[in-house]
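J.: Structure file target-v9.txt (compact mmCIF, C-alpha atoms and all ligand atoms) is given on the next line.
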```
# COMPACT_ATOMS: atom_id res chain seq x y z
CA MET A 1 -2.01 -14.17 -20.55
CA ASP A 2 -2.24 -12.91 -16.98
CA GLU A 3 -2.48 -15.79 -14.61
CA LEU A 4 -2.72 -16.26 -10.86
CA SER A 5 -2.41 -19.63 -9.19
CA LEU A 6 -2.83 -20.94 -5.69
CA ILE A 7 -1.72 -24.27 -4.26
CA ILE A 8 -4.35 -25.91 -2.05
CA PRO A 9 -3.57 -28.74 0.36
CA ALA A 10 -5.52 -31.87 -0.52
CA PRO A 11 -5.86 -35.37 0.94
CA SER A 12 -3.22 -36.74 -1.42
CA GLY A 13 -0.67 -34.08 -2.31
CA HIS A 14 -2.08 -30.75 -3.37
CA GLY A 15 -4.58 -29.15 -5.70
CA LEU A 16 -4.07 -26.17 -7.95
CA LEU A 17 -6.44 -23.24 -8.44
CA VAL A 18 -5.68 -21.09 -11.49
CA VAL A 19 -7.38 -17.85 -12.51
CA SER A 20 -6.62 -16.48 -15.95
CA THR A 21 -8.08 -14.71 -18.93
CA GLY A 22 -8.65 -16.68 -22.11
CA ASP A 23 -11.07 -18.50 -24.36
CA LEU A 24 -12.71 -21.49 -22.70
CA ALA A 25 -13.44 -23.01 -26.11
CA ALA A 26 -9.69 -23.16 -26.79
CA THR A 27 -8.76 -24.57 -23.38
CA ALA A 28 -7.21 -28.05 -23.35
CA THR A 29 -8.34 -29.76 -20.15
CA ASP A 30 -10.26 -32.81 -18.98
CA ALA A 31 -13.53 -30.87 -18.83
CA VAL A 32 -14.75 -27.38 -19.55
CA VAL A 33 -17.89 -26.20 -17.80
CA ASN A 34 -20.52 -24.63 -20.02
CA ALA A 35 -22.72 -21.83 -18.68
CA ALA A 36 -25.74 -23.57 -20.15
CA ASN A 37 -29.49 -23.01 -20.16
CA ALA A 38 -32.05 -25.39 -18.67
CA GLU A 39 -32.87 -27.06 -22.01
CA LEU A 40 -29.25 -27.36 -23.21
CA ARG A 41 -30.40 -25.73 -26.44
CA GLY A 42 -27.24 -23.71 -27.01
CA GLY A 43 -27.16 -19.95 -26.94
CA GLY A 44 -24.82 -17.01 -26.92
CA GLY A 45 -21.82 -16.18 -24.76
CA VAL A 46 -19.59 -19.03 -23.68
CA ASP A 47 -22.31 -21.56 -24.59
CA GLY A 48 -22.24 -20.35 -28.20
CA ALA A 49 -18.44 -20.39 -28.30
CA LEU A 50 -18.30 -23.96 -26.98
CA HIS A 51 -20.95 -25.20 -29.42
CA ARG A 52 -19.19 -23.59 -32.38
CA ALA A 53 -15.86 -25.14 -31.45
CA ALA A 54 -17.27 -28.54 -30.46
CA GLY A 55 -19.16 -28.96 -33.72
CA PRO A 56 -22.71 -30.09 -34.47
CA GLU A 57 -22.68 -33.21 -32.30
CA LEU A 58 -22.80 -31.29 -29.01
CA LEU A 59 -26.35 -30.02 -29.44
CA PRO A 60 -28.02 -33.44 -29.92
CA ALA A 61 -25.90 -34.86 -27.10
CA GLY A 62 -27.42 -32.29 -24.74
CA ARG A 63 -30.91 -32.64 -26.16
CA THR A 64 -30.82 -36.41 -25.59
CA ILE A 65 -30.06 -35.86 -21.92
CA VAL A 66 -32.89 -33.33 -21.52
CA ALA A 67 -35.31 -35.63 -23.34
CA ARG A 68 -34.46 -38.36 -20.83
CA ARG A 69 -34.48 -36.40 -17.55
CA GLY A 70 -36.19 -33.09 -18.30
CA PRO A 71 -34.77 -29.56 -18.16
CA LEU A 72 -32.06 -28.78 -15.63
CA ALA A 73 -32.87 -26.66 -12.60
CA ALA A 74 -30.49 -23.85 -11.70
CA GLY A 75 -27.54 -25.41 -9.92
CA GLU A 76 -27.70 -28.75 -11.74
CA ALA A 77 -25.06 -30.10 -14.11
CA VAL A 78 -24.70 -32.93 -16.65
CA ILE A 79 -21.80 -34.16 -18.76
CA THR A 80 -21.26 -34.88 -22.48
CA PRO A 81 -18.19 -35.55 -24.60
CA GLY A 82 -16.25 -32.53 -25.88
CA PHE A 83 -16.35 -33.67 -29.52
CA ASN A 84 -14.06 -31.30 -31.49
CA LEU A 85 -13.07 -29.21 -28.48
CA PRO A 86 -9.55 -29.45 -27.08
CA ALA A 87 -11.34 -30.38 -23.83
CA ARG A 88 -12.30 -34.05 -23.53
CA HIS A 89 -15.68 -33.38 -21.89
CA VAL A 90 -18.23 -30.61 -21.44
CA ILE A 91 -19.98 -30.29 -18.10
CA HIS A 92 -23.16 -28.32 -18.73
CA ALA A 93 -24.03 -26.37 -15.60
CA VAL A 94 -27.01 -24.07 -15.29
CA GLY A 95 -26.36 -20.98 -13.24
CA PRO A 96 -29.09 -18.86 -11.69
CA ILE A 97 -30.63 -15.87 -13.42
CA TRP A 98 -30.03 -12.82 -11.23
CA HIS A 99 -33.26 -11.51 -9.69
CA GLY A 100 -31.73 -9.20 -7.10
CA GLY A 101 -30.04 -11.78 -4.89
CA THR A 102 -32.95 -12.79 -2.67
CA HIS A 103 -34.22 -15.69 -4.77
CA GLY A 104 -31.65 -18.33 -3.89
CA GLU A 105 -29.15 -17.13 -6.47
CA ALA A 106 -26.10 -17.67 -4.24
CA GLN A 107 -27.12 -21.21 -3.31
CA ALA A 108 -27.79 -22.10 -6.95
CA LEU A 109 -24.48 -20.63 -8.10
CA ALA A 110 -22.60 -22.57 -5.42
CA ALA A 111 -24.48 -25.73 -6.40
CA ALA A 112 -23.61 -25.26 -10.10
CA HIS A 113 -19.92 -25.27 -9.17
CA ALA A 114 -20.15 -28.03 -6.57
CA ASN A 115 -22.19 -30.31 -8.84
CA SER A 116 -19.76 -29.74 -11.72
CA LEU A 117 -16.83 -30.78 -9.54
CA ARG A 118 -18.70 -33.79 -8.18
CA LEU A 119 -19.54 -34.88 -11.72
CA ALA A 120 -15.90 -34.50 -12.75
CA ALA A 121 -14.82 -36.65 -9.80
CA GLU A 122 -17.40 -39.31 -10.64
CA HIS A 123 -15.91 -39.51 -14.14
CA GLY A 124 -12.35 -39.62 -12.87
CA LEU A 125 -11.45 -36.23 -14.36
CA ALA A 126 -8.56 -34.37 -12.76
CA GLN A 127 -8.83 -30.92 -14.37
CA VAL A 128 -11.87 -28.69 -14.76
CA ALA A 129 -12.06 -25.23 -16.33
CA PHE A 130 -14.94 -22.86 -15.51
CA PRO A 131 -16.14 -19.61 -17.07
CA ALA A 132 -17.75 -16.91 -14.93
CA ILE A 133 -21.08 -18.77 -14.73
CA SER A 134 -24.15 -16.46 -14.69
CA CYS A 135 -22.01 -13.31 -15.06
CA GLY A 136 -23.07 -12.64 -18.67
CA SER A 137 -26.66 -12.78 -19.94
CA TYR A 138 -27.89 -14.10 -16.60
CA GLY A 139 -26.83 -10.83 -14.98
CA TYR A 140 -25.13 -12.03 -11.78
CA PRO A 141 -22.89 -9.24 -10.43
CA PRO A 142 -19.34 -10.57 -10.85
CA GLU A 143 -18.22 -9.08 -7.51
CA GLN A 144 -20.81 -11.28 -5.79
CA ALA A 145 -20.30 -14.35 -7.97
CA ALA A 146 -16.52 -14.55 -7.71
CA PRO A 147 -16.28 -15.33 -3.95
CA ILE A 148 -18.90 -18.07 -4.31
CA ALA A 149 -17.23 -19.65 -7.35
CA LEU A 150 -13.78 -19.51 -5.76
CA ALA A 151 -14.97 -20.86 -2.42
CA GLU A 152 -16.56 -23.87 -4.10
CA ALA A 153 -13.43 -24.47 -6.18
CA ILE A 154 -11.25 -24.41 -3.08
CA ARG A 155 -13.68 -26.67 -1.24
CA GLY A 156 -13.55 -29.19 -4.10
CA LEU A 157 -9.77 -29.07 -4.26
CA ARG A 158 -9.43 -29.50 -0.51
CA ALA A 159 -11.74 -32.52 -0.69
CA GLY A 160 -9.59 -33.97 -3.47
CA LEU A 161 -12.49 -34.14 -5.96
CA VAL A 162 -10.16 -32.88 -8.74
CA ARG A 163 -6.52 -31.86 -8.91
CA GLU A 164 -6.88 -28.59 -10.85
CA VAL A 165 -9.61 -25.99 -11.13
CA ARG A 166 -9.08 -23.22 -13.63
CA PHE A 167 -11.23 -20.12 -14.15
CA VAL A 168 -10.87 -18.93 -17.75
CA LEU A 169 -12.34 -15.45 -17.82
CA HIS A 170 -13.25 -13.06 -20.58
CA GLY A 171 -11.37 -9.82 -20.21
CA GLN A 172 -9.11 -8.03 -17.79
CA ALA A 173 -11.99 -6.50 -15.81
CA MET A 174 -13.36 -9.93 -14.90
CA LEU A 175 -9.87 -11.15 -14.03
CA THR A 176 -9.42 -8.21 -11.65
CA VAL A 177 -12.72 -9.05 -9.93
CA TRP A 178 -11.67 -12.70 -9.43
CA HIS A 179 -8.24 -11.66 -8.25
CA THR A 180 -9.71 -9.26 -5.69
CA ALA A 181 -12.12 -11.93 -4.47
CA LEU A 182 -9.32 -14.44 -4.06
CA GLN A 183 -7.31 -12.02 -1.98
CA ALA A 184 -10.35 -11.24 0.19
CA LEU A 185 -11.08 -14.95 0.74
CA ALA A 186 -7.49 -15.52 1.71
CA GLY A 187 -7.50 -12.47 3.99
CA GLN A 188 -10.40 -13.89 6.00
CA SER A 189 -8.21 -16.77 7.05
CA ALA A 190 -4.90 -15.01 7.54
CA ARG A 191 -4.72 -16.39 11.08
CA ASP A 192 -4.49 -19.92 9.73
CA ALA A 193 -1.50 -19.21 7.52
CA GLY A 194 0.70 -22.10 6.49
CA ASP A 195 -1.46 -24.57 4.63
CA ALA A 196 -1.47 -23.03 1.17
CA GLN A 197 1.00 -21.08 -0.90
CA THR A 198 0.85 -19.06 -4.04
CA ARG A 199 3.26 -19.68 -6.86
CA PRO A 200 4.87 -16.26 -7.18
CA ASP A 201 6.59 -17.23 -10.43
CA GLN A 202 3.18 -17.41 -12.11
CA SER A 203 1.70 -14.40 -10.42
CA ARG A 204 1.96 -11.20 -12.37
CA LEU A 205 -1.00 -9.44 -10.87
CA GLY A 206 0.22 -8.02 -7.62
CA PRO A 207 1.45 -9.06 -4.20
CA THR A 208 0.18 -12.59 -4.54
CA SER A 209 3.28 -14.25 -3.15
CA ALA A 210 2.16 -12.84 0.20
CA LEU A 211 -1.35 -14.21 -0.15
CA PRO A 212 -2.28 -16.02 3.05
CA PRO A 213 -4.12 -19.30 2.73
CA PRO A 214 -7.83 -19.56 2.20
CA ASP A 215 -9.64 -21.58 4.81
CA ILE A 216 -13.20 -21.82 3.76
CA ALA A 217 -13.89 -25.47 4.53
N1 LIG B 301 -14.42 -18.06 -22.88
C1 LIG B 301 -14.51 -17.65 -21.60
N2 LIG B 301 -15.52 -16.86 -21.15
C2 LIG B 301 -16.43 -16.43 -22.04
C3 LIG B 301 -16.40 -16.81 -23.40
C4 LIG B 301 -15.34 -17.66 -23.82
N3 LIG B 301 -15.23 -18.07 -25.09
N4 LIG B 301 -17.46 -16.23 -24.04
C5 LIG B 301 -18.12 -15.51 -23.12
N5 LIG B 301 -17.51 -15.62 -21.91
P1 LIG B 301 -22.68 -16.10 -20.49
P2 LIG B 301 -24.52 -16.83 -18.32
C6 LIG B 301 -17.88 -15.04 -20.60
O1 LIG B 301 -23.65 -15.10 -21.00
O2 LIG B 301 -24.51 -15.46 -17.78
C7 LIG B 301 -26.23 -18.36 -22.97
O3 LIG B 301 -26.99 -17.91 -24.03
C8 LIG B 301 -18.80 -13.85 -20.62
O4 LIG B 301 -18.10 -12.66 -20.95
O5 LIG B 301 -22.01 -16.98 -21.47
O6 LIG B 301 -24.41 -17.98 -17.37
C9 LIG B 301 -26.72 -19.70 -22.41
O7 LIG B 301 -27.31 -20.50 -23.40
C10 LIG B 301 -19.28 -13.86 -19.18
O8 LIG B 301 -18.31 -13.23 -18.33
O9 LIG B 301 -23.35 -17.10 -19.41
C11 LIG B 301 -27.70 -19.29 -21.36
O10 LIG B 301 -28.99 -19.07 -21.90
C12 LIG B 301 -19.32 -15.34 -18.81
O11 LIG B 301 -18.58 -16.01 -19.86
C13 LIG B 301 -27.15 -18.00 -20.85
O12 LIG B 301 -26.34 -17.45 -21.89
C14 LIG B 301 -20.70 -15.95 -18.75
O13 LIG B 301 -21.56 -15.31 -19.67
C15 LIG B 301 -26.25 -18.21 -19.66
O14 LIG B 301 -25.86 -16.98 -19.15
```
Take the structure from the file and write it as structure tokens.
T.:
Amino acid sequence: MDELSLIIPAPSGHGLLVVSTGDLAATATDAVVNAANAELRGGGGVDGALHRAAGPELLPAGRTIVARRGPLAAGEAVITPGFNLPARHVIHAVGPIWHGGTHGEAQALAAAHANSLRLAAEHGLAQVAFPAISCGSYGYPPEQAAPIALAEAIRGLRAGLVREVRFVLHGQAMLTVWHTALQALAGQSARDAGDAQTRPDQSRLGPTSALPPPDIA
């Protein structure tokens, strides 16, 4: 599995950002984030994969939450147990449907990530694994989603909300997009070098040991 990781300074010690390919439904972590729909009614893509692996209890767990508080708006997130998943919890985040980029998509995508990390912190969870939210059926261009997702992950790690954020992506093409976005984010802050380092031993994707630190706070 190709994997790229970045160490992020945090209030106590450091946080770790990992970008890899893989199957989110097979990822052992404190919480996986589901790219859910507003009614938490299950679906295709990563949602379908998580429901299949979690077993039949996940659907009613989500439905109970929606019955209590109503459908989720884009950008909102709620949490359930992981049931039969290797992950202990599922954070169900609703990403925006892409309508051309002028309908608040970027703000909603950022909020979906930020709210997921806040929820993890509130539940004392240290590790969170995300898919490429909105980049499948919801049609968000991955090249535009990746910088937003990564920036929010880095922001959450810097704030010490969680200790590890992992992006588990489907396919090499998506991994390349995330990798490129990470390098671009880091490049923006090259002048502030010195407060983050890559782990070159885990980087098999290119010149990542020279990656300057992101500074997107
Ligand atoms: N592990 C990691 N990533 C995956 C997996 C997996 N097992 N399966 C798919 N992906 P999507 P969205 C990738 O469509 O765009 C559902 O029906 C996939 O290749 O799952 O937010 C929901 O119920 C893509 O890159 O989520 C909603 O109605 C990324 O995950 C709607 O789709 C996200 O694709 C949400 O659409």
J.: Rounded to one decimal place, report the CA of Ile154 (chain A)-CA of Ala38 (chain A) distance in Å.
T.: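 Value for the CA of Ile154 (chain A)-CA of Ala38 (chain A) distance: 26.0 Å.
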J.: If we count all atoms listed in the file, what is near region 74-79 of chain A at a cut-off of 8 Å, once residues fewer than 6 positions away on the same chain are taken out, given as a list in words?
T.: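 Contacts, with the query itself left out: Ala38, His89, Val90, Ile91, His92, Ala93, Val94, Gly95, Pro96, Gln107, Ala108, Leu109, Ala110, Ala111, Ala112, His113, Asn115, Ser116 and Leu119 of chain A.
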J.: Kindly save the residues from that selection, with C-alpha atoms included, as a PDB file, keeping the file's coordinate frame.
T.:
```
ATOM      1  CA  ALA A  38     -32.050 -25.390 -18.670  1.00  0.00           C
ATOM      2  CA  HIS A  89     -15.680 -33.380 -21.890  1.00  0.00           C
ATOM      3  CA  VAL A  90     -18.230 -30.610 -21.440  1.00  0.00           C
ATOM      4  CA  ILE A  91     -19.980 -30.290 -18.100  1.00  0.00           C
ATOM      5  CA  HIS A  92     -23.160 -28.320 -18.730  1.00  0.00           C
ATOM      6  CA  ALA A  93     -24.030 -26.370 -15.600  1.00  0.00           C
ATOM      7  CA  VAL A  94     -27.010 -24.070 -15.290  1.00  0.00           C
ATOM      8  CA  GLY A  95     -26.360 -20.980 -13.240  1.00  0.00           C
ATOM      9  CA  PRO A  96     -29.090 -18.860 -11.690  1.00  0.00           C
ATOM     10  CA  GLN A 107     -27.120 -21.210  -3.310  1.00  0.00           C
ATOM     11  CA  ALA A 108     -27.790 -22.100  -6.950  1.00  0.00           C
ATOM     12  CA  LEU A 109     -24.480 -20.630  -8.100  1.00  0.00           C
ATOM     13  CA  ALA A 110     -22.600 -22.570  -5.420  1.00  0.00           C
ATOM     14  CA  ALA A 111     -24.480 -25.730  -6.400  1.00  0.00           C
ATOM     15  CA  ALA A 112     -23.610 -25.260 -10.100  1.00  0.00           C
ATOM     16  CA  HIS A 113     -19.920 -25.270  -9.170  1.00  0.00           C
ATOM     17  CA  ASN A 115     -22.190 -30.310  -8.840  1.00  0.00           C
ATOM     18  CA  SER A 116     -19.760 -29.740 -11.720  1.00  0.00           C
ATOM     19  CA  LEU A 119     -19.540 -34.880 -11.720  1.00  0.00           C
TER      20      LEU A 119
END
```
J.: Rank A:Gly43, A:Pro56, A:Gly15, A:Pro147 by their smallest atom-to-atom distance to ligand LIG 301 (chain B), using all atoms listed in the file, and report the top residue only.
T.: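 Smallest distance to ligand LIG 301 (chain B) is found for A:Gly43.
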J.: Can you tell me, as a PyMOL selection string, what residues are no more than 7 Å from Gln127 (chain A) when counting only C-alpha atoms, ignoring any on the same chain fewer than 5 positions away?
T.: chain A and resi 29-31+162-165
J.: Which one is closest to Asn84 (chain A): A:Ser20, A:Thr176, A:Thr27, A:Ser12? Count all atoms listed in the file.
T.: A:Thr27
J.: Can you measure atom O5 of ligand LIG 301 (chain B) to CA of Ala132 (chain A) for me? One decimal in Å is fine.
T.: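 CA of Ala132 (chain A) lies at a distance of 7.8 Å from atom O5 of ligand LIG 301 (chain B).
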J.: Once you count all atoms listed in the file, which residues end up within 6 Å of ligand LIG 301 (chain B), and could you hand them over as an mmCIF file with C-alpha atoms, in the frame of the given file?
T.:
```cif
data_model
loop_
_atom_site.group_PDB
_atom_site.id
_atom_site.type_symbol
_atom_site.label_atom_id
_atom_site.label_comp_id
_atom_site.auth_asym_id
_atom_site.auth_seq_id
_atom_site.Cartn_x
_atom_site.Cartn_y
_atom_site.Cartn_z
ATOM 1 C CA GLY A 22 -8.650 -16.680 -22.110
ATOM 2 C CA ASP A 23 -11.070 -18.500 -24.360
ATOM 3 C CA LEU A 24 -12.710 -21.490 -22.700
ATOM 4 C CA ALA A 25 -13.440 -23.010 -26.110
ATOM 5 C CA ALA A 35 -22.720 -21.830 -18.680
ATOM 6 C CA ALA A 36 -25.740 -23.570 -20.150
ATOM 7 C CA ASN A 37 -29.490 -23.010 -20.160
ATOM 8 C CA GLY A 42 -27.240 -23.710 -27.010
ATOM 9 C CA GLY A 43 -27.160 -19.950 -26.940
ATOM 10 C CA GLY A 44 -24.820 -17.010 -26.920
ATOM 11 C CA GLY A 45 -21.820 -16.180 -24.760
ATOM 12 C CA VAL A 46 -19.590 -19.030 -23.680
ATOM 13 C CA ASP A 47 -22.310 -21.560 -24.590
ATOM 14 C CA ALA A 49 -18.440 -20.390 -28.300
ATOM 15 C CA GLY A 95 -26.360 -20.980 -13.240
ATOM 16 C CA PRO A 131 -16.140 -19.610 -17.070
ATOM 17 C CA ALA A 132 -17.750 -16.910 -14.930
ATOM 18 C CA ILE A 133 -21.080 -18.770 -14.730
ATOM 19 C CA SER A 134 -24.150 -16.460 -14.690
ATOM 20 C CA CYS A 135 -22.010 -13.310 -15.060
ATOM 21 C CA GLY A 136 -23.070 -12.640 -18.670
ATOM 22 C CA SER A 137 -26.660 -12.780 -19.940
ATOM 23 C CA TYR A 138 -27.890 -14.100 -16.600
ATOM 24 C CA GLY A 139 -26.830 -10.830 -14.980
ATOM 25 C CA VAL A 168 -10.870 -18.930 -17.750
ATOM 26 C CA LEU A 169 -12.340 -15.450 -17.820
ATOM 27 C CA HIS A 170 -13.250 -13.060 -20.580
#
```
J.: For a test of reading the model, state the distance in Å between CA of Arg118 (chain A) and CA of Ala173 (chain A), rounded to one decimal.
T.: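 Result for CA of Arg118 (chain A) versus CA of Ala173 (chain A): 29.1 Å, one decimal.
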J.: Just checking: using only C-alpha atoms, which residue out of A:Met174, A:Ile148, A:Ala121, A:Leu85 ends up closest to Gly160 (chain A)?
T.: A:Ala121
J.: When distances are computed from only C-alpha atoms, which of A:Val33, A:Val66, A:Ala10, A:Leu4 shows the smallest separation from Arg158 (chain A)?
T.: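 Using only C-alpha atoms, the shortest distance to Arg158 (chain A) belongs to A:Ala10.
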